[in-house]
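Asker: The structure that follows is given in the form of structure tokens.
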Amino acid sequence: MSAPTPTGQQPMPGRIMSGEMAEQPAVLRRILDEGAPRIRRIAEQIAARNPRFVLLTARGTSDNAALYAKYLVEVVLGKPAGLTSMSTTTAYGARPDLTDCLVVTVSQSGGSPDLVASTRAAREAGAITLAVTNNAGSPLAEVSEFHIDVLAGPEKALPATKTYTAELLALYLFVEGLRGGDGSAAKIVPELAEQILARQDEVRALAARYRFAERLVLTSRGYGYPTAKEAALKLMETSYIPALSFSGADLLHGPLAMVDNVSPVIAIVTEGKGGEALQPVLDRLRGRGADLVVIGNRESVDAASAGFVLPTEGVAEEVQPILEILPLQMLAYEVTIARGQDPDAPRALAKVTETR
């Protein structure tokens, strides 16, 4: 996706992010080929201890991956799951009884102090602790009982792309392992990811719609909701466009009032129950004359103002988020380039955010 920079010339804006997006099919294959056996062994050890509840801890992009895992745990395993509020531990000093709970902390760097502190506190409170990171030597990996390396390789661009899809796949394989599954539904994902990433011209054409946008709304339901949140984050941190993400159900509970016939809306329509649940929301958006762009199947795209057709026919609903985010990563990149900014280095951001 990116070309080498000739000697003596300034690097092209977005060169690093573009290159890392292009690495994603190879990263996904690496996880399936090299990481899956270790993930399965860890899942078997944890399943043998039969955790009664799953808590997920993360920040930023990894928080969206954790939300995806929450859906997996509740839908696939039938276990209750929740997203933690780290400040209850790090700021307020709360020490809940976490006996027989599984605490999964997701972090690209594994270096944020609040993640490390809350995971250490969870382990001391009796939890089974699992870190999912891109850094096997990180402080978070060291304080956790178990660790899964997402094997994405160094990520230098500030916007996380390949680490996000790597986290999704690793979490999917882990949850599948907890129930004794083999994760075979994900085997087609690297090939489909390559097909999607080859369609950059289509995404560039979509990006022209948003070059001068002052606000964007993104929506989805079910497994697609974390994709909407992650896409909004990518658009905000690269192009600086305020992007609001809502569950389709929540959008109808009030925020729909701000949508009018000039409002740009992006809907992620997952093939399956989540997409079916989103249809009434799409009907309302069309009724309000919104500029509706759909990322999803052919039928949903044809009923919208524009869109990007995903090759998800026959693909299990729970692995589609790994594919759904790819055109939206490219969209964030293309919109940012069109606005004359550099997506590799968003202002005021650092690669490792050290919250407490």
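The way I read the labels, and the way they are meant: chains A, B, ... in the order of the structure tokens, residue 1 as the first residue of every chain, and ligand 1 as the first ligand shown, with later ones counted on from there.
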Can you list every residue of stretch 248-341 of chain A that has an atom at most 12 Å from stretch 67-84 of chain A, with its nearest atom pair and the distance in Å to one decimal, using only C-alpha atoms, ordered by chain then number, as a tab-separated table?
Answerer:
```
residue	atom	partner	partner_atom	distance
A:Lys273	CA	A:Val75	CA	11.5
A:Gly274	CA	A:Tyr71	CA	11.1
A:Ala316	CA	A:Val76	CA	12.0
A:Glu317	CA	A:Leu72	CA	10.5
A:Glu318	CA	A:Leu72	CA	7.2
A:Val319	CA	A:Leu72	CA	9.8
A:Gln320	CA	A:Tyr68	CA	10.9
A:Pro321	CA	A:Tyr68	CA	8.3
A:Ile322	CA	A:Tyr68	CA	10.1
```
Asker: Per residue of stretch 86-173 of chain A within 12 Å of stretch 218-226 of chain A, record the nearest atom pair and its distance in Å to one decimal, counting only C-alpha atoms, with rows in chain order and ascending residue number, as CSV.
Answerer:
```
residue,atom,partner,partner_atom,distance
A:Tyr164,CA,A:Pro226,CA,11.1
A:Thr165,CA,A:Pro226,CA,11.8
A:Leu168,CA,A:Pro226,CA,10.4
A:Tyr172,CA,A:Tyr223,CA,11.8
```
Asker: Please dump the current selection as a PDB file, in the first residue's frame; keep C-alpha atoms.
Answerer:
```pdb
ATOM      1  CA  TYR A 164      -6.346  -3.831  16.728  1.00  0.00           C
ATOM      2  CA  THR A 165      -7.200  -6.561  14.234  1.00  0.00           C
ATOM      3  CA  LEU A 168      -9.653  -9.133  17.754  1.00  0.00           C
ATOM      4  CA  TYR A 172     -11.753 -14.680  19.199  1.00  0.00           C
TER       5      TYR A 172
END
```
Asker: Quick one: residues within 7 Å of stretch 106-123 of chain A, only C-alpha atoms counted, chain neighbours fewer than 2 positions away excluded, as a count of residues only?
Answerer: 31
Asker: Got a sec: who's within 9 Å of A:Ile16, counting only C-alpha atoms, leaving out chain neighbours fewer than 6 positions off, as a PyMOL selection string?
Answerer: chain A and resi 2+155-157+343-344
Asker: Using N, CA, C and O atoms, can you write the selected residues to a file as a PDB file, in the first residue's frame?
Answerer:
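Produced file again.pdb, reproduced below:
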```pdb
ATOM      1  N   SER A   2       2.025   1.196   0.641  1.00  0.00           N
ATOM      2  CA  SER A   2       2.911   2.353   0.681  1.00  0.00           C
ATOM      3  C   SER A   2       4.155   2.077  -0.137  1.00  0.00           C
ATOM      4  O   SER A   2       4.594   0.948  -0.267  1.00  0.00           O
ATOM      5  N   GLU A 155       4.689  -1.543  15.982  1.00  0.00           N
ATOM      6  CA  GLU A 155       3.735  -0.626  15.360  1.00  0.00           C
ATOM      7  C   GLU A 155       4.203   0.798  15.651  1.00  0.00           C
ATOM      8  O   GLU A 155       4.227   1.222  16.799  1.00  0.00           O
ATOM      9  N   LYS A 156       4.586   1.525  14.604  1.00  0.00           N
ATOM     10  CA  LYS A 156       5.210   2.833  14.765  1.00  0.00           C
ATOM     11  C   LYS A 156       4.245   3.996  14.547  1.00  0.00           C
ATOM     12  O   LYS A 156       4.435   5.072  15.112  1.00  0.00           O
ATOM     13  N   ALA A 157       3.261   3.830  13.692  1.00  0.00           N
ATOM     14  CA  ALA A 157       2.279   4.899  13.494  1.00  0.00           C
ATOM     15  C   ALA A 157       1.469   5.069  14.779  1.00  0.00           C
ATOM     16  O   ALA A 157       1.160   4.090  15.463  1.00  0.00           O
ATOM     17  N   PRO A 343      -1.527  11.337   8.918  1.00  0.00           N
ATOM     18  CA  PRO A 343      -2.097  10.378   9.869  1.00  0.00           C
ATOM     19  C   PRO A 343      -1.059   9.636  10.698  1.00  0.00           C
ATOM     20  O   PRO A 343      -1.415   9.017  11.699  1.00  0.00           O
ATOM     21  N   ASP A 344       0.209   9.691  10.299  1.00  0.00           N
ATOM     22  CA  ASP A 344       1.245   9.014  11.084  1.00  0.00           C
ATOM     23  C   ASP A 344       1.485   9.684  12.431  1.00  0.00           C
ATOM     24  O   ASP A 344       1.915   9.037  13.380  1.00  0.00           O
TER      25      ASP A 344
END
```
Asker: Just list as an NGL selection string whatever in stretch 12-158 of chain A DSSP marks as alpha helix (DSSP H).
Answerer: :A and (15-22 or 24-30 or 36-47 or 60-72 or 87-90 or 113-124 or 139-143)
Asker: Can you write out the residues you just picked, keeping C-alpha atoms, as a CSV table (one decimal), in the first residue's frame?
Answerer:
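Writing done, so here's result.csv:
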```
chain,number,residue,atom,x,y,z
A,15,ARG,CA,3.5,6.3,4.9
A,16,ILE,CA,3.9,4.4,8.1
A,17,MET,CA,0.2,4.0,8.8
A,18,SER,CA,-0.4,2.8,5.2
A,19,GLY,CA,2.4,0.3,5.5
A,20,GLU,CA,1.1,-1.1,8.8
A,21,MET,CA,-2.5,-1.4,7.4
A,22,ALA,CA,-1.0,-3.4,4.5
A,24,GLN,CA,-2.6,-7.0,8.5
A,25,PRO,CA,-3.2,-10.1,6.3
A,26,ALA,CA,0.3,-11.4,7.2
A,27,VAL,CA,-0.2,-10.6,10.9
A,28,LEU,CA,-3.6,-12.5,10.9
A,29,ARG,CA,-1.9,-15.5,9.2
A,30,ARG,CA,0.9,-15.4,11.8
A,36,ALA,CA,-3.2,-20.3,17.8
A,37,PRO,CA,-1.7,-23.4,19.5
A,38,ARG,CA,-0.5,-21.3,22.5
A,39,ILE,CA,-3.7,-19.4,22.8
A,40,ARG,CA,-5.6,-22.8,22.8
A,41,ARG,CA,-3.4,-24.1,25.6
A,42,ILE,CA,-3.9,-21.0,27.7
A,43,ALA,CA,-7.7,-21.2,27.1
A,44,GLU,CA,-7.7,-24.9,28.2
A,45,GLN,CA,-5.9,-24.1,31.4
A,46,ILE,CA,-8.3,-21.2,32.2
A,47,ALA,CA,-11.4,-23.2,31.2
A,60,GLY,CA,-8.5,3.5,23.8
A,61,THR,CA,-8.4,1.2,20.8
A,62,SER,CA,-7.9,-1.8,23.0
A,63,ASP,CA,-11.1,-0.9,24.8
A,64,ASN,CA,-13.0,-1.4,21.6
A,65,ALA,CA,-11.3,-4.8,21.2
A,66,ALA,CA,-12.3,-5.6,24.8
A,67,LEU,CA,-15.9,-4.6,24.0
A,68,TYR,CA,-15.8,-7.1,21.1
A,69,ALA,CA,-14.6,-9.8,23.5
A,70,LYS,CA,-17.5,-8.9,25.9
A,71,TYR,CA,-20.0,-9.7,23.1
A,72,LEU,CA,-18.1,-13.0,22.4
A,87,SER,CA,-10.3,4.3,38.6
A,88,THR,CA,-12.3,2.4,41.2
A,89,THR,CA,-9.1,0.6,41.9
A,90,THR,CA,-6.4,3.2,41.1
A,113,PRO,CA,0.5,2.3,34.8
A,114,ASP,CA,-3.3,2.1,35.5
A,115,LEU,CA,-3.6,-1.1,33.5
A,116,VAL,CA,-0.7,-2.7,35.4
A,117,ALA,CA,-1.9,-1.5,38.8
A,118,SER,CA,-5.5,-2.6,38.3
A,119,THR,CA,-4.3,-6.0,37.0
A,120,ARG,CA,-2.0,-6.5,40.0
A,121,ALA,CA,-4.8,-5.6,42.3
A,122,ALA,CA,-7.2,-8.0,40.5
A,123,ARG,CA,-4.7,-10.8,41.0
A,124,GLU,CA,-4.3,-10.0,44.6
A,139,PRO,CA,5.1,-4.8,32.8
A,140,LEU,CA,1.5,-5.9,32.2
A,141,ALA,CA,2.6,-9.3,30.9
A,142,GLU,CA,4.8,-9.7,33.9
A,143,VAL,CA,2.1,-9.0,36.5
```
Asker: List as a VMD selection string the protein and nucleic acid residues near stretch 237-247 of chain A, meaning an atom at most 8 Å away when only C-alpha atoms are counted, but skip any in the same chain fewer than 6 places from it.
Answerer: chain A and resid 159 213 to 221 225 228 to 229 332 to 333 335 to 336 339 341 to 346
Asker: Quick one: residues within 10 Å of stretch 278-282 of chain A, only C-alpha atoms counted, chain neighbours fewer than 6 positions away excluded, as JSON, numbers by chain?
Answerer: {"A": [219, 220, 221, 222, 224, 247, 248, 249, 250, 251, 252, 256, 265, 267, 268, 269, 270, 288, 290, 292, 294, 300, 303, 304]}
Asker: For N, CA, C and O atoms, I'd like the residues from the last selection saved as an mmCIF file, in the first residue's frame.
Answerer:
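Written file, out27.cif:
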```cif
data_model
loop_
_atom_site.group_PDB
_atom_site.id
_atom_site.type_symbol
_atom_site.label_atom_id
_atom_site.label_comp_id
_atom_site.auth_asym_id
_atom_site.auth_seq_id
_atom_site.Cartn_x
_atom_site.Cartn_y
_atom_site.Cartn_z
ATOM 1 N N THR A 219 -22.794 4.222 13.473
ATOM 2 C CA THR A 219 -23.707 3.390 14.240
ATOM 3 C C THR A 219 -23.651 1.947 13.779
ATOM 4 O O THR A 219 -23.306 1.653 12.634
ATOM 5 N N SER A 220 -23.998 1.052 14.687
ATOM 6 C CA SER A 220 -24.106 -0.367 14.382
ATOM 7 C C SER A 220 -24.800 -1.031 15.559
ATOM 8 O O SER A 220 -25.179 -0.366 16.532
ATOM 9 N N ARG A 221 -24.956 -2.354 15.465
ATOM 10 C CA ARG A 221 -25.487 -3.118 16.580
ATOM 11 C C ARG A 221 -24.752 -4.437 16.681
ATOM 12 O O ARG A 221 -24.165 -4.930 15.720
ATOM 13 N N GLY A 222 -24.798 -5.043 17.873
ATOM 14 C CA GLY A 222 -24.181 -6.338 18.072
ATOM 15 C C GLY A 222 -22.676 -6.292 17.876
ATOM 16 O O GLY A 222 -21.999 -5.359 18.312
ATOM 17 N N GLY A 224 -21.002 -5.481 15.479
ATOM 18 C CA GLY A 224 -20.520 -4.320 14.724
ATOM 19 C C GLY A 224 -20.347 -3.067 15.558
ATOM 20 O O GLY A 224 -19.685 -2.124 15.121
ATOM 21 N N SER A 247 -24.582 2.810 19.543
ATOM 22 C CA SER A 247 -25.368 1.625 19.245
ATOM 23 C C SER A 247 -26.627 2.098 18.531
ATOM 24 O O SER A 247 -27.186 3.156 18.865
ATOM 25 N N GLY A 248 -27.088 1.326 17.548
ATOM 26 C CA GLY A 248 -28.303 1.724 16.856
ATOM 27 C C GLY A 248 -29.471 1.905 17.802
ATOM 28 O O GLY A 248 -30.295 2.816 17.635
ATOM 29 N N ALA A 249 -29.560 1.070 18.826
ATOM 30 C CA ALA A 249 -30.640 1.195 19.805
ATOM 31 C C ALA A 249 -30.542 2.508 20.558
ATOM 32 O O ALA A 249 -31.543 3.204 20.769
ATOM 33 N N ASP A 250 -29.329 2.886 20.957
ATOM 34 C CA ASP A 250 -29.142 4.147 21.679
ATOM 35 C C ASP A 250 -29.392 5.346 20.773
ATOM 36 O O ASP A 250 -29.872 6.394 21.228
ATOM 37 N N LEU A 251 -29.065 5.222 19.498
ATOM 38 C CA LEU A 251 -29.283 6.323 18.560
ATOM 39 C C LEU A 251 -30.761 6.696 18.511
ATOM 40 O O LEU A 251 -31.114 7.881 18.439
ATOM 41 N N LEU A 252 -31.632 5.700 18.582
ATOM 42 C CA LEU A 252 -33.066 5.965 18.541
ATOM 43 C C LEU A 252 -33.586 6.575 19.836
ATOM 44 O O LEU A 252 -34.680 7.133 19.864
ATOM 45 N N LEU A 256 -30.870 10.590 17.637
ATOM 46 C CA LEU A 256 -31.395 10.673 16.275
ATOM 47 C C LEU A 256 -31.903 12.071 15.952
ATOM 48 O O LEU A 256 -31.913 12.489 14.789
ATOM 49 N N VAL A 265 -23.765 9.992 7.975
ATOM 50 C CA VAL A 265 -23.866 8.856 8.891
ATOM 51 C C VAL A 265 -23.224 7.645 8.227
ATOM 52 O O VAL A 265 -23.485 7.360 7.055
ATOM 53 N N ALA A 267 -22.965 3.569 8.716
ATOM 54 C CA ALA A 267 -23.537 2.423 9.426
ATOM 55 C C ALA A 267 -22.768 1.169 9.072
ATOM 56 O O ALA A 267 -22.488 0.908 7.897
ATOM 57 N N ILE A 268 -22.404 0.398 10.089
ATOM 58 C CA ILE A 268 -21.742 -0.888 9.885
ATOM 59 C C ILE A 268 -22.811 -1.957 10.048
ATOM 60 O O ILE A 268 -23.367 -2.136 11.137
ATOM 61 N N VAL A 269 -23.113 -2.647 8.960
ATOM 62 C CA VAL A 269 -24.196 -3.628 8.948
ATOM 63 C C VAL A 269 -23.587 -5.021 8.888
ATOM 64 O O VAL A 269 -23.214 -5.518 7.821
ATOM 65 N N THR A 270 -23.475 -5.643 10.036
ATOM 66 C CA THR A 270 -22.922 -6.989 10.122
ATOM 67 C C THR A 270 -23.914 -7.993 9.538
ATOM 68 O O THR A 270 -25.111 -7.896 9.790
ATOM 69 N N ARG A 288 -35.138 10.323 7.559
ATOM 70 C CA ARG A 288 -34.717 11.683 7.900
ATOM 71 C C ARG A 288 -33.829 12.283 6.818
ATOM 72 O O ARG A 288 -33.338 13.410 6.969
ATOM 73 N N ALA A 290 -30.837 11.351 5.851
ATOM 74 C CA ALA A 290 -29.409 11.403 6.187
ATOM 75 C C ALA A 290 -28.559 10.951 5.006
ATOM 76 O O ALA A 290 -28.974 10.115 4.188
ATOM 77 N N LEU A 292 -26.400 8.624 4.165
ATOM 78 C CA LEU A 292 -26.108 7.334 4.786
ATOM 79 C C LEU A 292 -25.152 6.516 3.928
ATOM 80 O O LEU A 292 -25.457 6.169 2.787
ATOM 81 N N VAL A 294 -23.050 2.898 4.004
ATOM 82 C CA VAL A 294 -23.102 1.602 4.675
ATOM 83 C C VAL A 294 -21.858 0.789 4.368
ATOM 84 O O VAL A 294 -21.423 0.710 3.216
ATOM 85 N N SER A 300 -27.674 -3.996 1.735
ATOM 86 C CA SER A 300 -27.678 -2.802 2.588
ATOM 87 C C SER A 300 -26.999 -1.630 1.914
ATOM 88 O O SER A 300 -27.440 -0.480 2.038
ATOM 89 N N ALA A 303 -29.202 0.083 -0.677
ATOM 90 C CA ALA A 303 -30.298 0.871 -0.113
ATOM 91 C C ALA A 303 -29.810 2.165 0.537
ATOM 92 O O ALA A 303 -30.618 2.915 1.099
ATOM 93 N N ALA A 304 -28.508 2.441 0.466
ATOM 94 C CA ALA A 304 -27.928 3.631 1.095
ATOM 95 C C ALA A 304 -27.470 4.625 0.024
ATOM 96 O O ALA A 304 -27.536 4.354 -1.188
#
```
Asker: Using DSSP on the backbone, list every residue of stretch 100-342 of chain A that comes out as strand (DSSP E or B), and give them as a PyMOL selection string.
Answerer: chain A and resi 101-107+128-133+146-149+216-220+243-247+264-268+291-296+306-309
Asker: Only N, CA and C atoms, please: the residues just picked out, written as a short mmCIF file (atom, residue, chain, number, x, y, z; two decimals), in the first residue's frame.
Answerer:
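Below is the file that was written, selection_5.cif:
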```cif
data_model
loop_
_atom_site.label_atom_id
_atom_site.label_comp_id
_atom_site.auth_asym_id
_atom_site.auth_seq_id
_atom_site.Cartn_x
_atom_site.Cartn_y
_atom_site.Cartn_z
N CYS A 101 -13.09 -15.12 39.26
CA CYS A 101 -13.35 -14.26 38.11
C CYS A 101 -12.13 -14.27 37.19
N LEU A 102 -12.39 -14.16 35.91
CA LEU A 102 -11.32 -14.00 34.93
C LEU A 102 -11.23 -12.53 34.55
N VAL A 103 -10.06 -11.94 34.75
CA VAL A 103 -9.82 -10.55 34.37
C VAL A 103 -8.87 -10.54 33.17
N VAL A 104 -9.38 -10.05 32.05
CA VAL A 104 -8.60 -9.97 30.81
C VAL A 104 -8.24 -8.51 30.56
N THR A 105 -6.95 -8.21 30.53
CA THR A 105 -6.49 -6.85 30.28
C THR A 105 -5.88 -6.79 28.89
N VAL A 106 -6.42 -5.89 28.07
CA VAL A 106 -5.99 -5.79 26.67
C VAL A 106 -5.24 -4.48 26.49
N SER A 107 -4.03 -4.56 25.96
CA SER A 107 -3.19 -3.37 25.79
C SER A 107 -2.15 -3.65 24.72
N ILE A 128 -8.26 -14.73 38.22
CA ILE A 128 -7.39 -15.30 37.19
C ILE A 128 -7.09 -14.15 36.23
N THR A 129 -5.83 -13.84 36.00
CA THR A 129 -5.50 -12.67 35.19
C THR A 129 -4.83 -13.08 33.89
N LEU A 130 -5.31 -12.49 32.79
CA LEU A 130 -4.76 -12.72 31.47
C LEU A 130 -4.48 -11.38 30.81
N ALA A 131 -3.25 -11.18 30.34
CA ALA A 131 -2.89 -10.00 29.56
C ALA A 131 -2.85 -10.36 28.09
N VAL A 132 -3.41 -9.51 27.27
CA VAL A 132 -3.36 -9.66 25.81
C VAL A 132 -2.65 -8.43 25.27
N THR A 133 -1.40 -8.60 24.84
CA THR A 133 -0.59 -7.46 24.43
C THR A 133 0.22 -7.76 23.19
N PHE A 146 -1.34 -15.16 33.11
CA PHE A 146 -1.24 -15.67 31.75
C PHE A 146 -1.04 -14.50 30.79
N HIS A 147 -0.45 -14.80 29.63
CA HIS A 147 -0.21 -13.75 28.64
C HIS A 147 -0.39 -14.30 27.24
N ILE A 148 -1.07 -13.54 26.39
CA ILE A 148 -1.19 -13.85 24.97
C ILE A 148 -0.51 -12.73 24.19
N ASP A 149 0.46 -13.11 23.37
CA ASP A 149 1.15 -12.17 22.49
C ASP A 149 0.40 -12.15 21.16
N LEU A 216 -19.36 13.63 12.14
CA LEU A 216 -19.80 12.34 11.60
C LEU A 216 -20.50 11.55 12.70
N VAL A 217 -21.48 10.76 12.30
CA VAL A 217 -22.14 9.83 13.21
C VAL A 217 -21.91 8.43 12.67
N LEU A 218 -21.49 7.51 13.55
CA LEU A 218 -21.31 6.11 13.19
C LEU A 218 -22.20 5.26 14.08
N THR A 219 -22.79 4.22 13.47
CA THR A 219 -23.71 3.39 14.24
C THR A 219 -23.65 1.95 13.78
N SER A 220 -24.00 1.05 14.69
CA SER A 220 -24.11 -0.37 14.38
C SER A 220 -24.80 -1.03 15.56
N ALA A 243 -16.34 12.67 15.64
CA ALA A 243 -17.08 11.50 15.17
C ALA A 243 -17.75 10.84 16.37
N LEU A 244 -19.06 10.74 16.34
CA LEU A 244 -19.84 10.21 17.44
C LEU A 244 -20.29 8.80 17.10
N SER A 245 -20.08 7.85 18.00
CA SER A 245 -20.48 6.47 17.75
C SER A 245 -21.60 6.08 18.69
N PHE A 246 -22.61 5.41 18.15
CA PHE A 246 -23.76 5.00 18.95
C PHE A 246 -24.17 3.58 18.56
N SER A 247 -24.58 2.81 19.54
CA SER A 247 -25.37 1.63 19.24
C SER A 247 -26.63 2.10 18.53
N PRO A 264 -23.89 13.47 7.75
CA PRO A 264 -23.23 12.24 7.28
C PRO A 264 -23.26 11.16 8.35
N VAL A 265 -23.76 9.99 7.98
CA VAL A 265 -23.87 8.86 8.89
C VAL A 265 -23.22 7.64 8.23
N ILE A 266 -22.39 6.93 8.98
CA ILE A 266 -21.80 5.68 8.51
C ILE A 266 -22.37 4.56 9.36
N ALA A 267 -22.96 3.57 8.72
CA ALA A 267 -23.54 2.42 9.43
C ALA A 267 -22.77 1.17 9.07
N ILE A 268 -22.40 0.40 10.09
CA ILE A 268 -21.74 -0.89 9.89
C ILE A 268 -22.81 -1.96 10.05
N ASP A 291 -27.36 11.50 4.92
CA ASP A 291 -26.37 11.04 3.95
C ASP A 291 -25.79 9.75 4.51
N LEU A 292 -26.40 8.62 4.17
CA LEU A 292 -26.11 7.33 4.79
C LEU A 292 -25.15 6.52 3.93
N VAL A 293 -23.99 6.22 4.49
CA VAL A 293 -23.03 5.32 3.87
C VAL A 293 -23.00 4.03 4.69
N VAL A 294 -23.05 2.90 4.00
CA VAL A 294 -23.10 1.60 4.67
C VAL A 294 -21.86 0.79 4.37
N ILE A 295 -21.30 0.22 5.41
CA ILE A 295 -20.25 -0.79 5.29
C ILE A 295 -20.92 -2.11 5.61
N GLY A 296 -21.12 -2.96 4.60
CA GLY A 296 -21.84 -4.20 4.85
C GLY A 296 -22.13 -4.97 3.58
N ALA A 306 -24.40 5.54 -0.43
CA ALA A 306 -23.15 4.97 -0.95
C ALA A 306 -22.68 3.93 0.05
N GLY A 307 -21.55 3.28 -0.25
CA GLY A 307 -21.05 2.32 0.71
C GLY A 307 -19.92 1.48 0.18
N PHE A 308 -19.58 0.48 0.98
CA PHE A 308 -18.48 -0.44 0.67
C PHE A 308 -19.00 -1.84 0.95
N VAL A 309 -19.06 -2.66 -0.09
CA VAL A 309 -19.59 -4.01 0.05
C VAL A 309 -18.51 -4.93 0.61
#
```
Asker: Would you mind telling me which residue in A:Ile31, A:Ala48, A:Leu310, A:Ile196 lies nearest to A:Asn297 when using only C-alpha atoms?
Answerer: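 Answer, going by the shortest atom-to-atom distance: A:Leu310.
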Asker: What is the distance between atom CA of A:Gln329 and atom CA of A:Lys234, in Å to one decimal?
Answerer: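 These two atoms are separated by 6.8 Å.
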